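First up is the structure itself, then whatever we jot down about it.
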Amino acid sequence: MIRFKNVNYSHGNITIFSHLSFHLARGMYLVISGPARSGKTTIVRMISGLAQPSGGEIIIGGEPFYAADLTAQKLRDVRRRIGGVGGIYTLLEDRTILENIALLCEISGMSRHQVHRSALETCARYRLTHVAHALPGQVSEVERRATLLARAEAARKNIIVADAPTDGLDAESAAFIHERLAAVRLAGATILYLTSGSGPVTGPDEYLYLADGGHGA
Amino acid sequence: MISCGRFARQAGRHIKKEIRLSLGSFLVLVIVMVLIDLFWIASINISQQYRQMLSDVRMEVYLSETVPDSAISVLNSTLGSLVGVSSVEFVSKDDAARALTADLGAGILDGLDSNPLPRSFVLRFSQISDLAALDAMQSRLTRLNGVDGVEFGRPWIAKIEADGRTITRISYSVGGMILLVVLLTMANTNRLTARSKSQDFFQLRLLGAGPGFLVYPFLAEGFLSGSIAAIIGWVGLYYGVDRLAYFSQALLFPPWYQILVYTFLAGVTGAAGAYLGIRRFLIS
């Protein structure tokens with residue numbers, strides 16, 4: 001589904017990582033951990049089309065992503081397959097929790113009825129009904145993270161990119177996020193989990209440690 | 001799914017986010033729309049006055065002394081059959097003398113051996129559209145046998161026609177400038193709104209939203225702002241002018257279908273301005 005082949009990334013004279021290779025197959029749950037500045041968020045930015053590798057190849061859905069013929073439409077198609085939690089993925093602050101959950105459904109082109117139904121169901125599944133009409137600034141941090149995950153699940157995204165989704169949460173809240181990620185994975189989603197800690201103990205298929213400025217291991 | 005309700009909600013959010021800016025630009029739009037309306041009304045009413053004046057024009061056809069009285073009825077028929085002539089009135093020498101003494105006082109013709117005033121026909125018109133048509137009619141009448149001269153109040157009509165043309169030109173020029181003001185106002189307002197929402201734009205693009213998804217709420221807002229400003233301008237003028245006794249009977253307004261088209265065009269202009277303002281934020 002997503003394959004990095006000897007991918008390098010440099011920012012000026014600084015090498016963020018080099019010869020990074022991994023394969024995230026369909027339905028797989030991969031955890032990439034590493035210290036700060038090891039390039040975890042850069043991986044997310046590359047998958048989202050925001051950062052171009054200095055070398056190597058990124059293949060998404062069987063096709064080279066950063067090819068010369070990368071059109072705006074192809075970029076949008078790839079982005080529409082990804083639901084993100086944390087990192088560069090945030091909520092729209094002037095929309096309610098329910099509207100944020102419905103957002104990806106709207107972008108995906110679901111009918112108004114489907115959008116409403118899917119958003120309400122997912123809202124309930126994530127125990128967010130009581131804050132459905134609140135703005136993101138009025139809810140707790142765990143509810144914000146849950147909303148991001150719910151947004152991806154409501155639109156049935158087949159790739160979930162979770163960039164430090166439990167950072168700053170207490171153990172109980174982190175466990176809830178991990179539980180939801182596992183549930184989403186069981187429903188068929190592919191999960192890329194990035195963390196500077198150890199990540200979820202149960203659920204992932206593979207762990208990849210990203211050494212500081214170096215290779216994946 | 002893209003729905004009107006979503007656009008309306010989004011447009012509402014934009015306005016709420018930059019309420020003072022939105023309100024300020026909306027008031028500017030209302031003011032410029034009222035200016036356009038005023039020029040339009042002025043143009044319509046001047047044209048109406050001009051048409052009224054043309055319908056009141058009397059063209060006097062003076063006859064030569066050599067024309068025998070027996071030829072008067074033939075000439076009368078000839079003049080009456082001309083296209084655009086609605087009535088022909090013969091004025092004899094005696095009628096002319098009576099009119100002159102009525103205007104200038106008895107005794108004006110005293111001391112003269114004979115009545116020097118020429119016989120004439122007074123023509124009125126129903127299908128004369130402008131000064132050029134009157135000039136053509138004058139030229140045609142002058143060429144008729146037995147006609148010594150043809151006169152009508154040309155200098156006044158020429159002056160009013162020239163004034164009308166000037167006002168129409170000014171209206172078009174001001175209309176063009178005002179159109180530019182509308183475009184720039186909407187572009188600047190939406191640029192500032194879009195800038196304040198740049199993080200939202202980033203998120204929406206990151207989630208795969210296409211240009212349409214991003215731009216339609218702004219277009220809806222621009223269209224609504226332009227068309228509502230136009231409607232408020234017309235309603236304000238209609239009731240405002242109606243309260244002024246001096247104008248209440250005299251002023252003409254454009255027909256409703258033209259106002260409807262104008263309102264739609266104002267909306268389109270508003271939407272175009274909005275697009276100009278946010279197009280740079282649509283880049284992936």
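Ligands are numbered from 1 in the order shown, chains are lettered A, B, ... in the order of the structure tokens, and residues start at 1 in each chain.
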
Nearby residues (only C-alpha atoms) at most 10 Å from stretch 180-193 of chain B, same-chain spacing under 5 positions excluded, as number ranges by chain
B: 14-15, 17-19, 21-26, 28-30, 32-33, 174-175, 198, 218-219, 221-223, 225-226, 266, 268-281

At a cut-off of 9 Å, using only C-alpha atoms, what residues contact B:Phe213? Leave out same-chain residues fewer than 4 positions from it and give the result as a PDB file with N, CA, C and O atoms, in the first residue's frame.
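Output (result-v6.pdb):
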```pdb
ATOM      1  N   GLU A 106     -17.785  14.666   3.643  1.00  0.00           N
ATOM      2  CA  GLU A 106     -18.206  15.671   2.660  1.00  0.00           C
ATOM      3  C   GLU A 106     -17.203  15.741   1.515  1.00  0.00           C
ATOM      4  O   GLU A 106     -17.570  15.765   0.350  1.00  0.00           O
ATOM      5  N   ILE A 107     -15.902  15.776   1.898  1.00  0.00           N
ATOM      6  CA  ILE A 107     -14.859  15.873   0.869  1.00  0.00           C
ATOM      7  C   ILE A 107     -14.876  14.629  -0.019  1.00  0.00           C
ATOM      8  O   ILE A 107     -14.644  14.708  -1.222  1.00  0.00           O
TER       9      ILE A 107
ATOM     10  N   ILE B   2     -21.971  18.267  -2.119  1.00  0.00           N
ATOM     11  CA  ILE B   2     -21.892  19.724  -2.038  1.00  0.00           C
ATOM     12  C   ILE B   2     -23.318  20.267  -1.951  1.00  0.00           C
ATOM     13  O   ILE B   2     -24.121  20.066  -2.839  1.00  0.00           O
ATOM     14  N   LEU B 204      -7.836  21.484   4.824  1.00  0.00           N
ATOM     15  CA  LEU B 204      -8.776  20.985   3.818  1.00  0.00           C
ATOM     16  C   LEU B 204      -8.036  20.424   2.607  1.00  0.00           C
ATOM     17  O   LEU B 204      -8.403  19.374   2.070  1.00  0.00           O
ATOM     18  N   ALA B 209      -9.406  18.013  -0.220  1.00  0.00           N
ATOM     19  CA  ALA B 209     -10.489  18.860  -0.753  1.00  0.00           C
ATOM     20  C   ALA B 209     -10.037  19.506  -2.058  1.00  0.00           C
ATOM     21  O   ALA B 209      -8.917  19.997  -2.163  1.00  0.00           O
ATOM     22  N   PRO B 217     -17.861  28.186  -0.985  1.00  0.00           N
ATOM     23  CA  PRO B 217     -18.406  29.049   0.079  1.00  0.00           C
ATOM     24  C   PRO B 217     -18.048  30.522  -0.131  1.00  0.00           C
ATOM     25  O   PRO B 217     -18.865  31.402   0.134  1.00  0.00           O
TER      26      PRO B 217
END
```

Report as a PyMOL selection string the set of chain A residues whose atoms approach chain B to within 6 Å, with distances computed over only C-alpha atoms.
chain A and resi 76+79-80+92+106-107+109-112

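Distances to A:Tyr207 were evaluated for A:Ala51, A:Val31, A:Ile88, A:Ile16 using only C-alpha atoms, and the minimum falls at A:Val31.
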
Shell around stretch 40-46 of chain A at 8 Å using only C-alpha atoms, local window under 6 positions removed, as a PyMOL selection string:
chain A and resi 32-34+52-53+87-88+161+163+194-195+210

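Relative to atom CA of A:Thr71, atom CA of A:Asn13 is found at 29.2 Å.
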
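Residues surrounding stretch 115-127 of chain B within 7 Å are Ser55, Val57, Arg58, Met59, Glu60, Val61, Tyr62, Leu63, Gly84, Val85, Ser86, Ser87, Val88, Glu89, Phe90, Val91, Ser92, Lys93, Ala96 and Ala97 of chain B [only C-alpha atoms; sequence separation below 5 positions excluded].
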
File dump, residues just selected, N, CA, C and O atoms, as a PDB file, in the first residue's frame:
```
ATOM      1  N   SER B  55     -41.611  64.609 -28.528  1.00  0.00           N
ATOM      2  CA  SER B  55     -43.019  64.452 -28.889  1.00  0.00           C
ATOM      3  C   SER B  55     -43.752  65.799 -28.873  1.00  0.00           C
ATOM      4  O   SER B  55     -44.815  65.930 -29.475  1.00  0.00           O
ATOM      5  N   VAL B  57     -42.288  68.581 -29.994  1.00  0.00           N
ATOM      6  CA  VAL B  57     -41.654  69.470 -30.986  1.00  0.00           C
ATOM      7  C   VAL B  57     -42.682  69.919 -32.035  1.00  0.00           C
ATOM      8  O   VAL B  57     -43.467  69.109 -32.538  1.00  0.00           O
ATOM      9  N   ARG B  58     -42.653  71.235 -32.314  1.00  0.00           N
ATOM     10  CA  ARG B  58     -43.487  71.794 -33.405  1.00  0.00           C
ATOM     11  C   ARG B  58     -42.524  72.226 -34.498  1.00  0.00           C
ATOM     12  O   ARG B  58     -41.619  73.013 -34.255  1.00  0.00           O
ATOM     13  N   MET B  59     -42.742  71.721 -35.688  1.00  0.00           N
ATOM     14  CA  MET B  59     -41.889  72.142 -36.801  1.00  0.00           C
ATOM     15  C   MET B  59     -42.722  73.081 -37.688  1.00  0.00           C
ATOM     16  O   MET B  59     -43.826  72.722 -38.108  1.00  0.00           O
ATOM     17  N   GLU B  60     -42.191  74.270 -37.878  1.00  0.00           N
ATOM     18  CA  GLU B  60     -42.939  75.266 -38.658  1.00  0.00           C
ATOM     19  C   GLU B  60     -42.391  75.318 -40.089  1.00  0.00           C
ATOM     20  O   GLU B  60     -41.192  75.551 -40.282  1.00  0.00           O
ATOM     21  N   VAL B  61     -43.299  75.095 -41.048  1.00  0.00           N
ATOM     22  CA  VAL B  61     -42.925  75.066 -42.465  1.00  0.00           C
ATOM     23  C   VAL B  61     -43.471  76.346 -43.102  1.00  0.00           C
ATOM     24  O   VAL B  61     -44.686  76.502 -43.246  1.00  0.00           O
ATOM     25  N   TYR B  62     -42.568  77.293 -43.414  1.00  0.00           N
ATOM     26  CA  TYR B  62     -42.991  78.580 -43.965  1.00  0.00           C
ATOM     27  C   TYR B  62     -43.113  78.487 -45.479  1.00  0.00           C
ATOM     28  O   TYR B  62     -42.213  77.967 -46.149  1.00  0.00           O
ATOM     29  N   LEU B  63     -44.218  79.040 -45.966  1.00  0.00           N
ATOM     30  CA  LEU B  63     -44.487  78.933 -47.397  1.00  0.00           C
ATOM     31  C   LEU B  63     -44.060  80.211 -48.127  1.00  0.00           C
ATOM     32  O   LEU B  63     -44.139  81.320 -47.576  1.00  0.00           O
ATOM     33  N   GLY B  84     -44.220  59.641 -39.691  1.00  0.00           N
ATOM     34  CA  GLY B  84     -43.809  60.275 -38.435  1.00  0.00           C
ATOM     35  C   GLY B  84     -44.595  61.524 -38.121  1.00  0.00           C
ATOM     36  O   GLY B  84     -44.587  61.989 -36.984  1.00  0.00           O
ATOM     37  N   VAL B  85     -45.309  62.065 -39.116  1.00  0.00           N
ATOM     38  CA  VAL B  85     -46.080  63.290 -38.879  1.00  0.00           C
ATOM     39  C   VAL B  85     -47.434  62.901 -38.294  1.00  0.00           C
ATOM     40  O   VAL B  85     -48.156  62.097 -38.871  1.00  0.00           O
ATOM     41  N   SER B  86     -47.752  63.462 -37.130  1.00  0.00           N
ATOM     42  CA  SER B  86     -49.018  63.088 -36.497  1.00  0.00           C
ATOM     43  C   SER B  86     -50.112  64.115 -36.761  1.00  0.00           C
ATOM     44  O   SER B  86     -51.286  63.777 -36.754  1.00  0.00           O
ATOM     45  N   SER B  87     -49.730  65.363 -36.953  1.00  0.00           N
ATOM     46  CA  SER B  87     -50.776  66.348 -37.260  1.00  0.00           C
ATOM     47  C   SER B  87     -50.198  67.498 -38.083  1.00  0.00           C
ATOM     48  O   SER B  87     -49.010  67.812 -37.980  1.00  0.00           O
ATOM     49  N   VAL B  88     -51.062  68.093 -38.909  1.00  0.00           N
ATOM     50  CA  VAL B  88     -50.662  69.237 -39.738  1.00  0.00           C
ATOM     51  C   VAL B  88     -51.697  70.339 -39.512  1.00  0.00           C
ATOM     52  O   VAL B  88     -52.905  70.096 -39.598  1.00  0.00           O
ATOM     53  N   GLU B  89     -51.206  71.524 -39.209  1.00  0.00           N
ATOM     54  CA  GLU B  89     -52.119  72.654 -38.954  1.00  0.00           C
ATOM     55  C   GLU B  89     -51.702  73.808 -39.857  1.00  0.00           C
ATOM     56  O   GLU B  89     -50.524  74.205 -39.849  1.00  0.00           O
ATOM     57  N   PHE B  90     -52.638  74.327 -40.636  1.00  0.00           N
ATOM     58  CA  PHE B  90     -52.316  75.447 -41.509  1.00  0.00           C
ATOM     59  C   PHE B  90     -52.485  76.756 -40.731  1.00  0.00           C
ATOM     60  O   PHE B  90     -53.471  76.951 -40.032  1.00  0.00           O
ATOM     61  N   VAL B  91     -51.494  77.649 -40.876  1.00  0.00           N
ATOM     62  CA  VAL B  91     -51.558  78.957 -40.230  1.00  0.00           C
ATOM     63  C   VAL B  91     -51.550  80.002 -41.350  1.00  0.00           C
ATOM     64  O   VAL B  91     -50.534  80.168 -42.051  1.00  0.00           O
ATOM     65  N   SER B  92     -52.690  80.691 -41.491  1.00  0.00           N
ATOM     66  CA  SER B  92     -52.774  81.706 -42.555  1.00  0.00           C
ATOM     67  C   SER B  92     -52.045  82.970 -42.113  1.00  0.00           C
ATOM     68  O   SER B  92     -51.633  83.095 -40.964  1.00  0.00           O
ATOM     69  N   LYS B  93     -51.954  83.915 -43.029  1.00  0.00           N
ATOM     70  CA  LYS B  93     -51.296  85.191 -42.701  1.00  0.00           C
ATOM     71  C   LYS B  93     -52.047  85.870 -41.561  1.00  0.00           C
ATOM     72  O   LYS B  93     -51.431  86.413 -40.631  1.00  0.00           O
ATOM     73  N   ALA B  96     -51.354  84.145 -38.281  1.00  0.00           N
ATOM     74  CA  ALA B  96     -50.004  84.491 -37.825  1.00  0.00           C
ATOM     75  C   ALA B  96     -49.985  85.881 -37.206  1.00  0.00           C
ATOM     76  O   ALA B  96     -49.360  86.113 -36.163  1.00  0.00           O
ATOM     77  N   ALA B  97     -50.738  86.820 -37.855  1.00  0.00           N
ATOM     78  CA  ALA B  97     -50.780  88.185 -37.341  1.00  0.00           C
ATOM     79  C   ALA B  97     -51.461  88.209 -35.982  1.00  0.00           C
ATOM     80  O   ALA B  97     -51.013  88.893 -35.053  1.00  0.00           O
TER      81      ALA B  97
END
```

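Proximity of B:Val147, B:Ile44, B:Ile36, B:Leu79 to B:Pro255, computed with only C-alpha atoms, is greatest for B:Ile44.
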
I need the residues in stretch 86-259 of chain B that are strand (DSSP E or B) according to DSSP; give them as JSON, numbers by chain.
{"B": [86, 87, 88, 89, 90, 91, 120, 121, 122, 123, 124, 125, 147, 148, 149, 150, 151]}

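Proximity to A:Asp170 was assessed for A:Leu20, A:Val142, A:Ile101, A:Met1 counting only C-alpha atoms; the smallest distance is recorded for A:Val142.
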
Within 12 Å of B:Ser139 using only C-alpha atoms, minus same-chain residues under 4 positions, as a PyMOL selection string
chain B and resi 59+61+132-135+143-144+147-152
